[in-house]
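Data block below; observations after.
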Amino acid sequence: MANVVAERIATGTYPSRTVISEVQLQEEFDVARVTVRKAMEQLRAQGLITTKPGKGSIVCPPNGAGD
């Protein structure tokens with residue numbers, strides 16, 4: 001699942017500053033919430049997303065794009 005989301009970020013399906021819903025991913029991939037959270041941890045470690053309290057997981061701008 002992390003690879004699919006990473007590809008969506010790379011191709012612009014999830015553009016910069018998009019909020020990614022854990023609940024939607026859970027339903028789309030038919031997996032447990034803990035699985036989604038592990039995937040999000042991988043994406044955070046890769047620098048693709050950031051998590052902000054009260055806002056959720058947000059796609060980071062590409063390197064060199066400012067912010």
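Just remember, in the structure tokens the first chain shown is A, the second B, etc., residues are 1-based per chain, and ligands are 1-based in the order shown.
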Contacts of Met40 in chain A at 10 Å or less, counting only C-alpha atoms, minus same-chain residues fewer than 6 places along, as JSON, numbers by chain?
-> {"A": [1, 2, 5, 6, 20, 22, 34, 46, 48, 49, 50, 51, 57]}
Chain A: which residues are helix (DSSP H, G or I) by DSSP, as a PyMOL selection string?
-> chain A and resi 2-11+22-29+33-45
Need to verify the contact set: range 9-16 of chain A, 6 Å, only C-alpha atoms, exclusion of same-chain residues closer than 2 positions in sequence. Can you return it as an mmCIF file with N, CA and C atoms, in the first residue's frame?
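Resulting contents of around25.cif:
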```
data_model
loop_
_atom_site.group_PDB
_atom_site.id
_atom_site.type_symbol
_atom_site.label_atom_id
_atom_site.label_comp_id
_atom_site.auth_asym_id
_atom_site.auth_seq_id
_atom_site.Cartn_x
_atom_site.Cartn_y
_atom_site.Cartn_z
ATOM 1 N N ALA A 6 2.904 6.125 -2.645
ATOM 2 C CA ALA A 6 4.108 6.827 -3.096
ATOM 3 C C ALA A 6 4.043 7.081 -4.599
ATOM 4 N N GLU A 7 3.559 6.115 -5.354
ATOM 5 C CA GLU A 7 3.425 6.295 -6.807
ATOM 6 C C GLU A 7 2.394 7.375 -7.122
ATOM 7 N N THR A 18 -1.911 17.904 -0.339
ATOM 8 C CA THR A 18 -3.143 17.123 -0.265
ATOM 9 C C THR A 18 -3.193 16.388 1.067
ATOM 10 N N VAL A 59 0.675 15.616 1.982
ATOM 11 C CA VAL A 59 1.744 15.397 1.008
ATOM 12 C C VAL A 59 2.707 16.580 1.068
ATOM 13 N N CYS A 60 3.993 16.267 1.196
ATOM 14 C CA CYS A 60 5.029 17.309 1.236
ATOM 15 C C CYS A 60 5.290 17.844 -0.166
ATOM 16 N N PRO A 61 5.665 19.123 -0.241
ATOM 17 C CA PRO A 61 6.066 19.658 -1.557
ATOM 18 C C PRO A 61 7.313 18.935 -2.047
#
```
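The list of residues with at least one atom within 9 Å of Asn3 in chain A, based on only C-alpha atoms and without residues fewer than 4 positions apart in the same chain, reads Glu7, Arg8, Ala39 and Leu43 of chain A.
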Picked from range 4-66 of chain A by DSSP as strand (DSSP E or B), as a list in words =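 Selection result, strand (DSSP E or B) within range 4-66 of chain A: Val19, Ile20, Ile49, Thr50, Thr51, Lys52, Gly56, Ser57, Ile58 and Val59 of chain A.
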Expressed in Å, the length from CA of Gly54 in chain A to CA of Asp30 in chain A is 24.3 Å
To one decimal place, how far is CA of Lys52 in chain A from CA of Leu25 in chain A in Å?
-> 17.7 Å
For Arg44 in chain A, which residue among A:Gln26, A:Val31, A:Ile58, A:Arg17 is the nearest when counting only C-alpha atoms?
->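 Of the candidates, the smallest distance to Arg44 in chain A is held by A:Ile58.
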